[in-house]
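Asker: This is start-v3.cif, which holds mmCIF, C-alpha atoms (C1' of nucleotides):
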data_work
loop_
_atom_site.group_PDB
_atom_site.id
_atom_site.type_symbol
_atom_site.label_atom_id
_atom_site.label_comp_id
_atom_site.auth_asym_id
_atom_site.auth_seq_id
_atom_site.Cartn_x
_atom_site.Cartn_y
_atom_site.Cartn_z
ATOM 1 C CA MET A 5 -10.871 -7.991 -9.628
ATOM 2 C CA PRO A 6 -11.368 -4.828 -7.681
ATOM 3 C CA GLU A 7 -9.492 -1.633 -8.408
ATOM 4 C CA LEU A 8 -9.927 1.636 -6.581
ATOM 5 C CA PRO A 9 -13.484 2.394 -7.755
ATOM 6 C CA GLU A 10 -14.725 -1.063 -6.754
ATOM 7 C CA VAL A 11 -12.980 -0.979 -3.388
ATOM 8 C CA GLU A 12 -14.298 2.509 -2.675
ATOM 9 C CA ALA A 13 -17.806 1.617 -3.854
ATOM 10 C CA THR A 14 -17.649 -1.381 -1.539
ATOM 11 C CA ARG A 15 -16.508 0.787 1.354
ATOM 12 C CA LEU A 16 -19.260 3.330 0.781
ATOM 13 C CA SER A 17 -21.873 0.594 0.690
ATOM 14 C CA PHE A 18 -21.322 -0.548 4.269
ATOM 15 C CA ALA A 19 -19.053 1.851 6.174
ATOM 16 C CA ASP A 20 -21.824 3.899 7.762
ATOM 17 C CA ARG A 21 -23.857 0.849 8.595
ATOM 18 C CA ILE A 22 -21.150 -1.075 10.377
ATOM 19 C CA ALA A 23 -19.696 1.925 12.183
ATOM 20 C CA GLY A 24 -20.236 1.654 15.921
ATOM 21 C CA GLY A 25 -21.079 -2.026 15.692
ATOM 22 C CA ARG A 26 -20.042 -4.425 18.400
ATOM 23 C CA ILE A 27 -18.374 -7.641 17.254
ATOM 24 C CA GLU A 28 -20.374 -10.617 18.478
ATOM 25 C CA ASP A 29 -18.717 -13.338 16.483
ATOM 26 C CA ALA A 30 -15.741 -13.738 14.198
ATOM 27 C CA TRP A 31 -14.885 -16.600 11.904
ATOM 28 C CA LEU A 32 -12.022 -17.489 9.606
ATOM 29 C CA GLY A 33 -12.172 -20.289 7.031
ATOM 30 C CA LYS A 34 -9.546 -21.377 4.525
ATOM 31 C CA ALA A 35 -6.250 -19.554 4.599
ATOM 32 C CA LEU A 36 -6.055 -16.331 2.648
ATOM 33 C CA ARG A 37 -2.865 -14.680 1.516
ATOM 34 C CA TRP A 38 -1.503 -14.105 5.017
ATOM 35 C CA PRO A 39 -2.360 -15.232 8.523
ATOM 36 C CA LEU A 40 -4.637 -12.948 10.493
ATOM 37 C CA GLY A 41 -1.969 -12.256 13.072
ATOM 38 C CA MET A 42 -4.030 -13.156 16.133
ATOM 39 C CA PRO A 43 -6.572 -15.795 17.170
ATOM 40 C CA VAL A 44 -9.762 -14.785 15.363
ATOM 41 C CA GLY A 45 -11.819 -15.222 18.510
ATOM 42 C CA GLN A 46 -10.045 -12.303 20.119
ATOM 43 C CA LEU A 47 -11.928 -9.944 17.807
ATOM 44 C CA VAL A 48 -15.132 -10.747 19.653
ATOM 45 C CA GLY A 49 -16.227 -8.053 22.047
ATOM 46 C CA GLY A 50 -14.474 -5.320 20.118
ATOM 47 C CA ARG A 51 -16.064 -2.473 18.252
ATOM 48 C CA VAL A 52 -15.837 -1.315 14.645
ATOM 49 C CA LEU A 53 -15.307 2.431 14.745
ATOM 50 C CA GLY A 54 -15.231 3.074 11.020
ATOM 51 C CA VAL A 55 -13.953 2.015 7.612
ATOM 52 C CA ARG A 56 -11.280 3.832 5.650
ATOM 53 C CA ARG A 57 -9.515 3.017 2.410
ATOM 54 C CA ARG A 58 -5.883 3.333 1.384
ATOM 55 C CA GLY A 59 -5.169 2.305 -2.194
ATOM 56 C CA LYS A 60 -6.948 -1.015 -2.609
ATOM 57 C CA TYR A 61 -6.845 -1.799 1.100
ATOM 58 C CA LEU A 62 -9.840 -1.360 3.341
ATOM 59 C CA LEU A 63 -8.956 -0.329 6.876
ATOM 60 C CA LEU A 64 -11.426 -1.274 9.570
ATOM 61 C CA ASP A 65 -10.667 0.813 12.613
ATOM 62 C CA LEU A 66 -11.444 -1.193 15.715
ATOM 63 C CA ASP A 67 -11.440 0.053 19.265
ATOM 64 C CA LYS A 68 -8.546 -2.330 19.719
ATOM 65 C CA GLY A 69 -6.380 -2.371 16.632
ATOM 66 C CA LEU A 70 -6.834 -2.263 12.910
ATOM 67 C CA LEU A 71 -8.135 -4.814 10.456
ATOM 68 C CA LEU A 72 -6.640 -4.604 6.965
ATOM 69 C CA LEU A 73 -8.766 -6.134 4.218
ATOM 70 C CA HIS A 74 -7.657 -6.702 0.654
ATOM 71 C CA LEU A 75 -9.922 -8.159 -2.026
ATOM 72 C CA GLY A 76 -7.142 -9.447 -4.258
ATOM 73 C CA MET A 77 -8.317 -10.478 -7.736
ATOM 74 C CA SER A 78 -11.593 -12.125 -6.913
ATOM 75 C CA GLY A 79 -12.705 -10.916 -3.506
ATOM 76 C CA SER A 80 -15.948 -9.233 -2.588
ATOM 77 C CA LEU A 81 -17.715 -8.309 0.620
ATOM 78 C CA SER A 82 -21.292 -8.706 1.725
ATOM 79 C CA PHE A 83 -22.901 -6.837 4.565
ATOM 80 C CA ALA A 84 -26.447 -7.436 5.807
ATOM 81 C CA PRO A 85 -28.376 -8.232 8.975
ATOM 82 C CA HIS A 86 -28.685 -11.782 7.739
ATOM 83 C CA LEU A 87 -26.752 -13.643 5.080
ATOM 84 C CA PRO A 88 -27.384 -16.926 3.283
ATOM 85 C CA PRO A 89 -25.480 -20.024 4.492
ATOM 86 C CA ARG A 90 -21.758 -19.893 3.886
ATOM 87 C CA GLY A 91 -20.466 -21.131 0.552
ATOM 88 C CA ALA A 92 -17.222 -22.784 -0.446
ATOM 89 C CA HIS A 93 -15.460 -19.487 -1.084
ATOM 90 C CA ASP A 94 -16.479 -17.596 2.015
ATOM 91 C CA HIS A 95 -13.381 -17.199 4.141
ATOM 92 C CA PHE A 96 -13.948 -14.536 6.749
ATOM 93 C CA GLU A 97 -16.886 -13.257 8.709
ATOM 94 C CA LEU A 98 -17.438 -10.586 11.294
ATOM 95 C CA ALA A 99 -20.845 -10.683 12.937
ATOM 96 C CA THR A 100 -21.773 -7.396 14.571
ATOM 97 C CA ASP A 101 -24.946 -6.073 16.115
ATOM 98 C CA ARG A 102 -25.290 -3.892 13.014
ATOM 99 C CA GLY A 103 -24.966 -6.742 10.572
ATOM 100 C CA ILE A 104 -22.697 -9.460 9.265
ATOM 101 C CA LEU A 105 -19.658 -8.684 7.151
ATOM 102 C CA ARG A 106 -18.504 -11.557 4.963
ATOM 103 C CA LEU A 107 -15.575 -11.944 2.598
ATOM 104 C CA ASN A 108 -15.971 -14.186 -0.424
ATOM 105 C CA ASP A 109 -12.838 -14.823 -2.455
ATOM 106 C CA PRO A 110 -12.567 -17.828 -4.828
ATOM 107 C CA ARG A 111 -8.903 -17.338 -5.661
ATOM 108 C CA ARG A 112 -7.859 -16.382 -2.139
ATOM 109 C CA PHE A 113 -5.394 -13.720 -3.229
ATOM 110 C CA GLY A 114 -7.157 -11.463 -0.773
ATOM 111 C CA ALA A 115 -6.147 -10.878 2.805
ATOM 112 C CA VAL A 116 -7.399 -10.079 6.270
ATOM 113 C CA VAL A 117 -4.694 -8.874 8.615
ATOM 114 C CA TRP A 118 -4.982 -7.636 12.149
ATOM 115 C CA THR A 119 -2.427 -5.210 13.554
ATOM 116 C CA PRO A 120 -2.378 -3.325 16.850
ATOM 117 C CA SER A 121 -2.226 -0.023 14.981
ATOM 118 C CA GLN A 122 -1.452 1.570 11.642
ATOM 119 C CA SER A 123 2.063 2.379 12.844
ATOM 120 C CA ASP A 124 2.729 -1.260 13.624
ATOM 121 C CA ALA A 125 5.453 -2.857 11.517
ATOM 122 C CA ARG A 126 3.042 -5.256 9.812
ATOM 123 C CA ALA A 127 0.705 -2.457 8.713
ATOM 124 C CA ARG A 128 3.561 -0.238 7.645
ATOM 125 C CA LYS A 129 5.061 -2.950 5.523
ATOM 126 C CA LEU A 130 1.874 -3.090 3.502
ATOM 127 C CA LEU A 131 0.934 0.585 3.441
ATOM 128 C CA ASP A 132 4.088 2.662 3.628
ATOM 129 C CA GLY A 133 5.291 2.217 0.072
ATOM 130 C CA LEU A 134 1.980 3.209 -1.492
ATOM 131 C CA GLY A 135 1.750 6.193 -3.830
ATOM 132 C CA VAL A 136 -0.658 9.091 -3.501
ATOM 133 C CA GLU A 137 -4.423 8.787 -3.617
ATOM 134 C CA PRO A 138 -5.513 9.666 -7.167
ATOM 135 C CA LEU A 139 -8.766 11.300 -6.076
ATOM 136 C CA GLY A 140 -7.136 13.176 -3.207
ATOM 137 C CA ALA A 141 -5.966 16.777 -3.008
ATOM 138 C CA ASP A 142 -2.286 15.864 -3.020
ATOM 139 C CA PHE A 143 -2.328 14.191 -6.413
ATOM 140 C CA LEU A 144 -0.923 17.069 -8.444
ATOM 141 C CA PRO A 145 0.198 17.249 -12.091
ATOM 142 C CA GLU A 146 3.599 18.772 -11.361
ATOM 143 C CA ALA A 147 4.651 16.193 -8.780
ATOM 144 C CA PHE A 148 3.209 13.443 -10.969
ATOM 145 C CA HIS A 149 5.318 14.561 -13.907
ATOM 146 C CA ALA A 150 8.427 14.773 -11.715
ATOM 147 C CA ALA A 151 7.847 11.240 -10.404
ATOM 148 C CA LEU A 152 7.343 9.861 -13.906
ATOM 149 C CA ARG A 153 10.617 11.381 -15.059
ATOM 150 C CA ALA A 154 12.487 9.152 -12.630
ATOM 151 C CA ARG A 155 11.036 5.973 -14.137
ATOM 152 C CA LYS A 156 12.235 4.459 -17.372
ATOM 153 C CA ALA A 157 9.793 1.539 -17.431
ATOM 154 C CA ALA A 158 6.694 1.547 -19.638
ATOM 155 C CA ILE A 159 4.051 3.957 -18.366
ATOM 156 C CA LYS A 160 1.412 1.218 -18.133
ATOM 157 C CA GLN A 161 3.561 -0.766 -15.736
ATOM 158 C CA VAL A 162 4.516 2.291 -13.736
ATOM 159 C CA LEU A 163 0.834 3.061 -13.244
ATOM 160 C CA LEU A 164 0.141 -0.535 -12.225
ATOM 161 C CA SER A 165 2.999 -0.621 -9.738
ATOM 162 C CA GLY A 166 1.129 1.745 -7.459
ATOM 163 C CA ASP A 167 4.183 3.410 -6.050
ATOM 164 C CA ILE A 168 3.539 6.783 -7.663
ATOM 165 C CA VAL A 169 -0.251 6.758 -7.617
ATOM 166 C CA VAL A 170 -2.413 3.995 -6.107
ATOM 167 C CA GLY A 171 -5.613 2.309 -7.161
ATOM 168 C CA VAL A 172 -5.059 2.143 -10.908
ATOM 169 C CA GLY A 173 -5.342 -1.514 -11.879
ATOM 170 C CA ASN A 174 -5.369 -3.293 -15.190
ATOM 171 C CA ILE A 175 -8.661 -1.921 -16.487
ATOM 172 C CA TYR A 176 -8.188 1.700 -15.553
ATOM 173 C CA ALA A 177 -4.535 1.850 -16.580
ATOM 174 C CA SER A 178 -5.528 1.026 -20.156
ATOM 175 C CA GLU A 179 -8.540 3.336 -19.992
ATOM 176 C CA ALA A 180 -6.619 6.307 -18.592
ATOM 177 C CA LEU A 181 -3.849 5.956 -21.165
ATOM 178 C CA PHE A 182 -6.448 5.879 -23.912
ATOM 179 C CA LEU A 183 -8.106 9.024 -22.599
ATOM 180 C CA ALA A 184 -4.734 10.719 -22.429
ATOM 181 C CA GLY A 185 -3.717 9.534 -25.893
ATOM 182 C CA ILE A 186 -0.545 7.875 -24.643
ATOM 183 C CA ARG A 187 0.915 4.598 -25.927
ATOM 184 C CA PRO A 188 1.125 2.139 -22.992
ATOM 185 C CA THR A 189 4.663 1.085 -23.918
ATOM 186 C CA LEU A 190 6.075 4.600 -23.767
ATOM 187 C CA SER A 191 8.764 5.042 -21.133
ATOM 188 C CA ALA A 192 7.322 7.039 -18.242
ATOM 189 C CA ALA A 193 10.411 9.230 -18.216
ATOM 190 C CA ARG A 194 9.728 10.371 -21.768
ATOM 191 C CA ILE A 195 6.304 11.798 -21.063
ATOM 192 C CA SER A 196 6.305 15.563 -21.476
ATOM 193 C CA ARG A 197 4.918 17.879 -18.858
ATOM 194 C CA PRO A 198 1.704 18.650 -20.770
ATOM 195 C CA ARG A 199 1.105 14.992 -21.516
ATOM 196 C CA ALA A 200 1.701 14.098 -17.860
ATOM 197 C CA ALA A 201 -0.866 16.721 -16.945
ATOM 198 C CA ARG A 202 -3.264 15.165 -19.417
ATOM 199 C CA LEU A 203 -2.670 11.718 -17.974
ATOM 200 C CA HIS A 204 -3.151 13.068 -14.479
ATOM 201 C CA ALA A 205 -6.532 14.459 -15.510
ATOM 202 C CA ALA A 206 -7.415 11.230 -17.326
ATOM 203 C CA ILE A 207 -6.710 9.101 -14.253
ATOM 204 C CA ARG A 208 -8.952 11.267 -12.133
ATOM 205 C CA GLU A 209 -11.639 11.332 -14.755
ATOM 206 C CA VAL A 210 -11.755 7.603 -15.379
ATOM 207 C CA LEU A 211 -11.589 6.612 -11.702
ATOM 208 C CA GLY A 212 -14.103 9.272 -10.730
ATOM 209 C CA ARG A 213 -16.509 8.244 -13.457
ATOM 210 C CA ALA A 214 -16.144 4.539 -12.681
ATOM 211 C CA LEU A 215 -16.803 5.202 -9.009
ATOM 212 C CA ALA A 216 -19.845 7.278 -9.899
ATOM 213 C CA VAL A 217 -21.382 4.321 -11.717
ATOM 214 C CA GLY A 218 -20.466 1.826 -9.015
ATOM 215 C CA GLY A 219 -17.301 0.376 -10.538
ATOM 216 C CA THR A 220 -16.801 -2.254 -13.227
ATOM 217 C CA THR A 221 -18.474 -5.645 -13.072
ATOM 218 C CA LEU A 222 -16.725 -8.024 -15.455
ATOM 219 C CA ARG A 223 -17.760 -11.205 -13.717
ATOM 220 C CA ASN A 224 -18.927 -11.259 -10.160
ATOM 221 C CA TYR A 225 -18.135 -7.929 -8.622
ATOM 222 C CA SER A 226 -20.777 -6.294 -6.515
ATOM 223 C CA ASN A 227 -20.553 -3.973 -3.551
ATOM 224 C CA ALA A 228 -21.330 -5.067 -0.005
ATOM 225 C CA VAL A 229 -25.075 -4.797 -0.540
ATOM 226 C CA GLY A 230 -25.077 -6.710 -3.810
ATOM 227 C CA GLU A 231 -25.169 -3.865 -6.331
ATOM 228 C CA ARG A 232 -23.172 -4.414 -9.492
ATOM 229 C CA GLY A 233 -21.129 -1.745 -11.258
ATOM 230 C CA ASN A 234 -21.860 -0.338 -14.689
ATOM 231 C CA PHE A 235 -18.560 0.979 -15.968
ATOM 232 C CA GLN A 236 -18.132 -2.105 -18.166
ATOM 233 C CA PHE A 237 -20.636 -0.483 -20.517
ATOM 234 C CA GLU A 238 -18.402 2.560 -20.860
ATOM 235 C CA VAL A 239 -14.953 1.056 -21.381
ATOM 236 C CA ALA A 240 -13.157 2.459 -24.402
ATOM 237 C CA VAL A 241 -10.431 -0.153 -24.843
ATOM 238 C CA TYR A 242 -10.282 -2.724 -22.040
ATOM 239 C CA GLY A 243 -11.347 -6.126 -23.305
ATOM 240 C CA ARG A 244 -12.195 -4.652 -26.730
ATOM 241 C CA SER A 245 -9.411 -6.264 -28.717
ATOM 242 C CA GLY A 246 -10.277 -6.400 -32.422
ATOM 243 C CA LYS A 247 -13.257 -4.084 -32.044
ATOM 244 C CA PRO A 248 -13.371 -0.602 -33.555
ATOM 245 C CA CYS A 249 -12.167 2.326 -31.473
ATOM 246 C CA ARG A 250 -15.158 4.372 -30.382
ATOM 247 C CA VAL A 251 -13.337 7.541 -31.409
ATOM 248 C CA CYS A 252 -11.640 6.742 -34.716
ATOM 249 C CA GLY A 253 -12.809 3.287 -35.737
ATOM 250 C CA THR A 254 -9.338 1.766 -35.828
ATOM 251 C CA LEU A 255 -9.251 -1.752 -34.420
ATOM 252 C CA ILE A 256 -8.211 -1.983 -30.775
ATOM 253 C CA LYS A 257 -5.001 -3.903 -30.179
ATOM 254 C CA THR A 258 -3.781 -6.066 -27.299
ATOM 255 C CA LEU A 259 -0.305 -6.583 -26.045
ATOM 256 C CA ARG A 260 1.239 -8.184 -23.016
ATOM 257 C CA GLN A 261 3.193 -6.234 -20.443
ATOM 258 C CA GLY A 262 4.497 -8.035 -17.381
ATOM 259 C CA GLN A 263 2.043 -10.935 -17.594
ATOM 260 C CA ARG A 264 -0.940 -8.586 -17.961
ATOM 261 C CA ALA A 265 -2.976 -7.708 -21.017
ATOM 262 C CA THR A 266 -2.898 -4.124 -22.240
ATOM 263 C CA PHE A 267 -5.446 -2.654 -24.645
ATOM 264 C CA TYR A 268 -4.966 0.445 -26.763
ATOM 265 C CA CYS A 269 -5.940 2.187 -29.960
ATOM 266 C CA PRO A 270 -2.964 2.349 -32.342
ATOM 267 C CA ARG A 271 -4.257 5.563 -33.872
ATOM 268 C CA CYS A 272 -5.487 7.525 -30.854
ATOM 269 C CA GLN A 273 -2.401 6.489 -28.903
ATOM 270 C CA LYS A 274 0.351 6.957 -31.451
ATOM 271 C CA THR A 275 3.217 7.638 -29.038
ATOM 272 C "C1'" DA B 12 17.298 1.867 -6.794
ATOM 273 C "C1'" DA B 13 14.591 0.218 -10.313
ATOM 274 C "C1'" DA B 14 12.931 -3.360 -13.233
ATOM 275 C "C1'" DA B 15 11.513 -7.898 -14.482
ATOM 276 C "C1'" DG B 16 9.712 -12.524 -13.250
ATOM 277 C "C1'" DC B 17 7.518 -15.668 -10.239
ATOM 278 C "C1'" DC B 18 3.982 -17.214 -7.727
ATOM 279 C "C1'" DC B 19 -0.046 -17.700 -4.707
ATOM 280 C "C1'" DC B 20 -5.342 -20.071 -6.200
ATOM 281 C "C1'" DT B 21 -9.796 -21.329 -8.464
ATOM 282 C "C1'" DG B 22 -13.044 -21.243 -12.215
ATOM 283 C "C1'" DG B 23 -14.631 -20.208 -16.745
ATOM 284 C "C1'" DA B 24 -13.900 -20.252 -21.710
ATOM 285 C "C1'" DT B 25 -11.884 -22.392 -25.537
ATOM 286 C "C1'" DG B 26 -9.959 -26.035 -28.303
ATOM 287 C "C1'" DC B 27 -9.003 -30.799 -29.553
ATOM 288 C "C1'" DT C 22 -18.548 -35.558 -22.707
ATOM 289 C "C1'" DG C 23 -13.709 -35.374 -21.199
ATOM 290 C "C1'" DC C 24 -9.408 -33.338 -20.735
ATOM 291 C "C1'" DA C 25 -5.683 -29.864 -21.519
ATOM 292 C "C1'" DT C 26 -4.545 -25.191 -21.968
ATOM 293 C "C1'" DC C 27 -4.992 -20.432 -21.318
ATOM 294 C "C1'" DC C 28 -6.672 -16.518 -19.109
ATOM 295 C "C1'" DA C 29 -8.548 -13.507 -15.287
ATOM 296 C "C1'" DG C 30 -9.961 -6.942 -12.021
ATOM 297 C "C1'" DG C 31 -3.336 -7.960 -7.466
ATOM 298 C "C1'" DG C 32 0.822 -7.441 -5.453
ATOM 299 C "C1'" DG C 33 4.560 -9.064 -2.353
ATOM 300 C "C1'" DC C 34 8.912 -11.247 -2.832
ATOM 301 C "C1'" DT C 35 13.188 -12.597 -5.088
ATOM 302 C "C1'" DT C 36 16.438 -12.036 -8.465
ATOM 303 C "C1'" DT C 37 18.914 -9.280 -11.932
#
For the structure just supplied, provide its representation as structure tokens.
Answerer:
Amino acid sequence: MPELPEVEATRLSFADRIAGGRIEDAWLGKALRWPLGMPVGQLVGGRVLGVRRRGKYLLLDLDKGLLLLHLGMSGSLSFAPHLPPRGAHDHFELATDRGILRLNDPRRFGAVVWTPSQSDARARKLLDGLGVEPLGADFLPEAFHAALRARKAAIKQVLLSGDIVVGVGNIYASEALFLAGIRPTLSAARISRPRAARLHAAIREVLGRALAVGGTTLRNYSNAVGERGNFQFEVAVYGRSGKPCRVCGTLIKTLRQGQRATFYCPRCQKT
DNA sequence: AAAAGCCCCTGGATGC
DNA sequence: TGCATCCAGGGGCTTT
């Protein structure tokens, strides 16, 4: 479900409010992707210093340790002074004196992991291999082009892999490639310097725009205070199979790459 | 080293 | 209405 814009929109919606909060209660329900790594009760008494993001991970800095949160395909957070009674798909809760943080995740591909610090082996295993932040200052066209040249796989899958640039999931990979006019099946290594620069700009544009409108809400996504995104009204190709391209009118096509659907315009994305 | 598949899990949409 | 099948915003792990 959530890609970078949704995760960042979620972070922005509660980071300032929870910061400084003292943990009064902590609860873990059904198992998520991995075990927490400590008895959940030991979180009580600690403090939440702040919330950062790395790729699609949320990093809750505690006075003692670090809590890594991942929303997987279907996860979302809620944060409020009071929340309705827990439902079947609520799996984690952190009650602080600033409010209650709750993770809802029907498919349970998400995760909550505690580590003593970001340099701990468990944290490093999850974070170290990640590519650069697409909206950060070190995402640069030249280095991006150089990294693409080393990869022969299809550009769509290279984007999705997250090891060159993070945060681009299935929606925004298709959208960025459309904006850049690049066929999703093209080998990354065969993308010219100017086209790589165009793709670089497209990734920033589409993620930046999606974040600005609160992300994409296909089904249930909303940020931690219940606000839905609006980027679904602006998608050019994702989920628009068989509909006319907004630029040229050609019918949008779907194909399957590595178990995931890819959408593109055969005319705007010729090669 | 990179690439390709597999799989975790639940719910909604579609088809018979 | 009931049941089977397919599909879904991710990504770590194993195998080629």
Asker: In Å to one decimal, how far is atom CA of Pro6 of chain A from atom CA of Gly33 of chain A?
Answerer: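 Those two atoms sit 21.4 Å apart.
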Asker: How close does chain B get to chain A? List, as a tab-separated table, each residue of chain B within 7 Å, its nearest atom pair and the distance in Å to one decimal, counting all atoms listed in the file.
Answerer:
residue	atom	partner	partner_atom	distance
B:DC19	C1'	A:Phe113	CA	6.8
B:DC20	C1'	A:Arg111	CA	4.5
B:DT21	C1'	A:Arg111	CA	5.0
Asker: Any chance you could resolve the PyMOL selection byres ((chain A) within 8 of (chain C)) against this file and give the residues as an NGL selection string?
Answerer: :A and (5-7 or 76-78 or 113 or 173-175 or 222)
Asker: May I ask for the distance between atom CA of Ser245 of chain A and atom CA of Val210 of chain A, given in Å to one decimal place?
Answerer: 19.4 Å
Asker: One decimal, in Å: what's the spacing between atom CA of Leu255 of chain A and atom CA of Cys269 of chain A?
Answerer: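 About the pair atom CA of Leu255 of chain A and atom CA of Cys269 of chain A: they are 6.8 Å apart.
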Asker: So that all listed atoms of segment 26-33 of chain C fit with 8 Å spare on each side, what axis-aligned box centre and edge lengths in Å, to one decimal, would you give as JSON?
Answerer:
{"center_x": -2.7, "center_y": -16.1, "center_z": -12.2, "size_x": 30.5, "size_y": 34.2, "size_z": 35.6}
